[in-house]
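A.B. asks: After the structure tokens below, expect a handful of questions from me.
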Amino acid sequence: MTDPQLWISAAELGCFFGLLALSYYVVLAGTGFFNFAIGPYAMVGGLSAAWLVLEHGFELWLAVAIAVVATMALAAVTELAVVRPVQRRSGRSELPALVAVTAVLFAIEQLAGVIFGYTTLPGQELLNIQPITFGTSVILPSDLLLGIVTIVVFGGMALWVRLSRTGRLLRAVGDSRDAAALLGLPVNRIRLVAFVLSGLLAAVAGLLFAPKAGVSSTSGLDWALSGFLALVVGGTATVWAPLIGGLILGALQVFIPFYFGGPSLSYLLLVLAIVFFAFRPQGIFARRVRV
Amino acid sequence: MTMNGSSSPAPVEVAPPPRHRPPWPSGLQANGSLGLGVLAAIGLLVWVGVNGYKQTLLVTAATYALIALGMYVPFVLAGSLSLAYGAYASIGGYAVALISTETGLPLWFGWLIGPVIAAVAAVVLGLATRRLSGFYLVAVTLLFSEAFQNYLSNASFTGGNAGLASFRSLDVFGWHPSNEQLIIASAAVVCVVAFLLNRLRLSPWGIVVRSMREVPSAVEAAGTRVPILNLVALAMGAGIGALAGALFTQMSGSIQPNTFTLNLVFLAIFMPIIGGTGTPWGAVLGALIVVELTLNLPSLHTSGTLLVSLGVLLIMLVAPRGVLGYLDTGRKELMRALTPTKGTDG
């Protein structure tokens, strides 16, 4: 565990998982459920940008802008056209929302396969600088950008949730939707903001992580699970908890296969999930409420 | 989602009289749908005939239907979504394959032990998430599917990625059924399982489980252990899923780690929604529709799965009762139009 290159990989994965977990966290804070379609959102963000550039010769930044907007639109459509009508009809039980987001996950994966094709496309490099080398280790520009953006995004989110009016409303709506509605808070608008914001975060995560190993239409499911696990491990006490969870998960994902071989990773993730779900489902950092 | 209480339009009257008759004529409903199901199965078998391609298609449809029926128990009845059905079906399939190739035990032993192992796995996964929301169960079952598929590809006794093939032919106490007989038997198995699940749905246990889906706290308060009820439903579903795997493996004569894909599991969630969640027969009908759209229509080719997944979103939004639900409404309307007006059914 002394090779710095491995730690760079771990940090890179950790930042990616942290961003995905933050995307989960925003929807969870505003609506009280986990939107599994976040993995496919990230996939669409990374894949559509690469597809526009490679197959259609778009300018890089135009393609990136289109990808981000498309992903945010996808998230808005998920809330407006699927989750909200389904929940309105079936009351507050969680199963309809769960089935709806699972169906959305699968539909996006299939749609992406038909539109973008079934091959893996290389992610687009957004930062054109020389790799930074120290000793035998290399920090690629994509790693550097991912790390910087992650810190900026988390810092911004922490301030936004605490200081902005919308951020405070988000927490109020998530704590008790009925109470918020009784007080006359704009519940539906806040939920929509939460979804669009999570789409933005997922798109950024997918765009920045795609250069690492490429992105294909089936990447979304694994990413959805990794982000979910990162959030469960980290907890929801503060905005920073998802990042801690992501970094822990990233380190495990790098070091376990390195020492125990490739197949051990999926076993480890299963064991990690069972242990955390059974014994500490609230995560490492949990908010304690005294009653 | 079901059971909209019929309310009296006149608000002046105090408390409507308690209904003593259950709102469904249980025996009649279950037997009637069995009759229709068997008729449809016979029709399909006649259509299939001795055409090899159609036979494969029917076996696939029967497998899909059994997986959807297995999923129906925890998903539609108990309200918890498990996505490990690919793994459960693999367990059933590998149980038959390993008993056949590695041991001298009779083959039916494999058919028996697969569902038991799958049920145990389902209970372990359910135990880990028994007090958590359904999202955790989805996550842990997905991770289990990936880990199990990984294990099958890497373990030596399962034949790795190449899987296992060339099994002994089925021997039921000295009787060697022919291929045609086996195909009839697979259709029969689907009908029997759907019939039994329909009876189970209408039984007191089924009613408790369905109440648990709607108001778990009330069932818990009445003294029934909700987590245990949930685990039983999960185990039962996993067992039926393993049966599907055993059937497919026996009929196709080989199994690989990726025989039962995650795509199939997602499609299996959609099957009851497409066919109608009101009865297990809806899952069977949904399986037939999905097989037709994804495998039998060459014009759709790869977009069949996309069509199904978008169609399901549409069905959830505008037609939540599925095909059978609307057919049933149509039948009632027809009956009402045909019978002279004497009274209305409750």
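Please note that chains go A, B, ... in the order of the structure tokens, that every chain numbers its residues from 1, and that ligands are numbered from 1 in the order shown.
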Please report as CSV every residue of stretch 175-234 of chain A lying within 12 Å of stretch 34-45 of chain A, along with the nearest atom pair and their distance in Å (one decimal), using only C-alpha atoms.
C.D. replies:
residue,atom,partner,partner_atom,distance
A:Ala194,CA,A:Asn35,CA,11.0
A:Phe195,CA,A:Asn35,CA,9.0
A:Val196,CA,A:Tyr41,CA,10.8
A:Leu197,CA,A:Ile38,CA,11.1
A:Ser198,CA,A:Ile38,CA,7.5
A:Gly199,CA,A:Tyr41,CA,6.3
A:Leu200,CA,A:Tyr41,CA,8.8
A:Leu201,CA,A:Ala42,CA,8.2
A:Ala202,CA,A:Ala42,CA,4.5
A:Ala203,CA,A:Gly45,CA,4.3
A:Val204,CA,A:Gly45,CA,7.1
A:Ala205,CA,A:Ala42,CA,6.2
A:Gly206,CA,A:Ala42,CA,4.2
A:Leu207,CA,A:Gly45,CA,5.7
A:Leu208,CA,A:Gly45,CA,9.3
A:Phe209,CA,A:Ala42,CA,9.2
A:Ala210,CA,A:Met43,CA,8.4
A:Gly214,CA,A:Met43,CA,10.1
A:Val215,CA,A:Met43,CA,6.7
A:Ser216,CA,A:Met43,CA,7.2
A:Ser217,CA,A:Met43,CA,6.7
A:Thr218,CA,A:Met43,CA,8.1
A:Ser219,CA,A:Met43,CA,6.2
A:Gly220,CA,A:Pro40,CA,4.0
A:Leu221,CA,A:Gly39,CA,5.8
A:Asp222,CA,A:Gly39,CA,7.2
A:Trp223,CA,A:Gly39,CA,4.7
A:Ala224,CA,A:Gly39,CA,3.8
A:Leu225,CA,A:Gly39,CA,7.5
A:Ser226,CA,A:Gly39,CA,8.5
A:Gly227,CA,A:Gly39,CA,7.5
A:Phe228,CA,A:Phe36,CA,7.8
A:Leu229,CA,A:Phe34,CA,11.3
A:Leu231,CA,A:Phe34,CA,10.0
A:Val232,CA,A:Phe34,CA,10.6
A.B. asks: Select all residues from chain B having any atom no more than 8 Å from an atom of chain A (counting only C-alpha atoms, ignoring ligands), output as JSON, numbers by chain.
C.D. replies: {"B": [1, 79, 80, 81, 125, 127, 128, 129, 132, 133, 134, 135, 136, 139, 140, 143, 144, 146, 147, 150, 151, 154, 214, 266, 302, 303, 305, 306, 309, 310, 312, 313, 316, 317]}
A.B. asks: Can I get the selection written as a compact mmCIF listing (two decimals), in the first residue's frame, with C-alpha atoms?
C.D. replies:
# COMPACT_ATOMS: atom_id res chain seq x y z
CA MET B 1 -52.72 -0.26 -5.97
CA GLY B 79 -44.20 -5.48 -2.13
CA SER B 80 -40.45 -6.09 -1.97
CA LEU B 81 -38.40 -6.02 -5.13
CA LEU B 125 -30.10 -11.36 1.58
CA LEU B 127 -32.24 -10.81 6.60
CA ALA B 128 -29.52 -8.24 5.94
CA THR B 129 -32.12 -5.71 4.78
CA LEU B 132 -34.63 -1.23 5.64
CA SER B 133 -36.45 0.27 2.70
CA GLY B 134 -36.80 -1.70 -0.51
CA PHE B 135 -33.97 0.24 -2.16
CA TYR B 136 -31.43 -1.61 -0.01
CA ALA B 139 -28.92 -2.97 -4.19
CA VAL B 140 -27.88 -6.05 -2.24
CA LEU B 143 -24.53 -7.04 -5.93
CA PHE B 144 -25.24 -10.69 -5.15
CA GLU B 146 -22.79 -9.83 -9.94
CA ALA B 147 -20.75 -11.64 -7.30
CA ASN B 150 -18.32 -13.80 -11.13
CA TYR B 151 -18.01 -16.87 -8.92
CA ASN B 154 -14.05 -18.36 -11.92
CA GLU B 214 -50.22 -1.72 1.85
CA PHE B 266 -35.43 -6.39 -15.49
CA THR B 302 -32.39 -5.05 -30.84
CA SER B 303 -34.99 -2.41 -30.15
CA THR B 305 -36.11 -4.56 -25.29
CA LEU B 306 -36.20 -0.78 -25.62
CA SER B 309 -39.00 -0.83 -21.26
CA LEU B 310 -40.58 2.32 -22.68
CA VAL B 312 -43.72 -0.41 -19.29
CA LEU B 313 -43.18 3.22 -18.30
CA MET B 316 -47.34 2.38 -15.33
CA LEU B 317 -48.44 5.92 -16.12
A.B. asks: List the neighbours of B:Leu152 out to 9 Å using only C-alpha atoms; skip same-chain residues closer than 4 positions along the sequence, and give me the result as a VMD selection string.
C.D. replies: chain B and resid 147 to 148 156 to 161 163 256 to 257
A.B. asks: Quick one, how far is atom CA of A:Leu62 from atom CA of A:Ala49?
C.D. replies: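 Going from atom CA of A:Leu62 over to atom CA of A:Ala49, I get 8.7 Å.
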A.B. asks: As a PyMOL selection string, please: every residue in stretch 41-247 of chain A that DSSP puts in strand (DSSP E).
C.D. replies: chain A and resi 132-134+137-139
A.B. asks: Please measure the separation of atom CA of A:Val68 and atom CA of A:Pro186, giving the value in Å to one decimal.
C.D. replies: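 Going from atom CA of A:Val68 over to atom CA of A:Pro186 covers 25.6 Å.
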A.B. asks: When you look at A:Ala67 with a cut-off of 7 Å (counting only C-alpha atoms), what residues show up, excluding the ones that are within fewer than 3 positions of it in the same chain? I need them as a PyMOL selection string.
C.D. replies: chain A and resi 45+48-49+63-64+70-71
A.B. asks: Restricted to N, CA and C atoms, what would the selected residues look like written as a short mmCIF file (atom, residue, chain, number, x, y, z; two decimals), in the first residue's frame?
C.D. replies:
data_model
loop_
_atom_site.label_atom_id
_atom_site.label_comp_id
_atom_site.auth_asym_id
_atom_site.auth_seq_id
_atom_site.Cartn_x
_atom_site.Cartn_y
_atom_site.Cartn_z
N GLY A 45 -24.13 11.39 -19.55
CA GLY A 45 -23.25 12.56 -19.58
C GLY A 45 -21.94 12.25 -20.28
N SER A 48 -22.64 10.63 -24.18
CA SER A 48 -23.17 11.48 -25.25
C SER A 48 -22.13 12.50 -25.69
N ALA A 49 -21.33 13.01 -24.74
CA ALA A 49 -20.27 13.95 -25.13
C ALA A 49 -19.27 13.26 -26.06
N ALA A 63 -20.14 19.97 -27.29
CA ALA A 63 -20.61 18.62 -26.98
C ALA A 63 -20.82 18.46 -25.48
N VAL A 64 -19.86 19.01 -24.70
CA VAL A 64 -19.97 18.90 -23.24
C VAL A 64 -21.22 19.63 -22.76
N ALA A 70 -28.55 17.80 -21.66
CA ALA A 70 -29.38 16.63 -21.94
C ALA A 70 -29.58 15.80 -20.68
N THR A 71 -28.51 15.65 -19.89
CA THR A 71 -28.63 14.85 -18.67
C THR A 71 -29.56 15.52 -17.67
#
A.B. asks: Please report, as a ChimeraX atom specification, each residue of stretch 9-257 of chain B to which DSSP assigns helix (DSSP H, G or I) when run on this structure's backbone.
C.D. replies: /B:26-48,52-78,85-102,107-128,134-154,160-162,179-202,204-214,216-221,226-252
A.B. asks: Can you pull out the residues contacting B:Val192? Cut-off 10 Å, using only C-alpha atoms, and skip same-chain residues under 4 positions away; I want them as a short mmCIF file (atom, residue, chain, number, x, y, z; two decimals) with C-alpha atoms, in the first residue's frame.
C.D. replies:
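Result file is selection23.cif:
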data_model
loop_
_atom_site.label_atom_id
_atom_site.label_comp_id
_atom_site.auth_asym_id
_atom_site.auth_seq_id
_atom_site.Cartn_x
_atom_site.Cartn_y
_atom_site.Cartn_z
CA LEU B 34 -57.00 -21.87 -14.64
CA GLY B 37 -54.82 -20.52 -18.86
CA VAL B 38 -54.92 -24.20 -19.80
CA SER B 186 -43.10 -27.27 -19.11
CA ALA B 187 -46.33 -25.57 -20.20
CA ALA B 188 -48.15 -27.62 -17.58
CA LEU B 196 -51.30 -22.41 -7.07
CA LEU B 197 -50.03 -18.84 -6.70
CA ASN B 198 -53.48 -17.55 -7.54
#
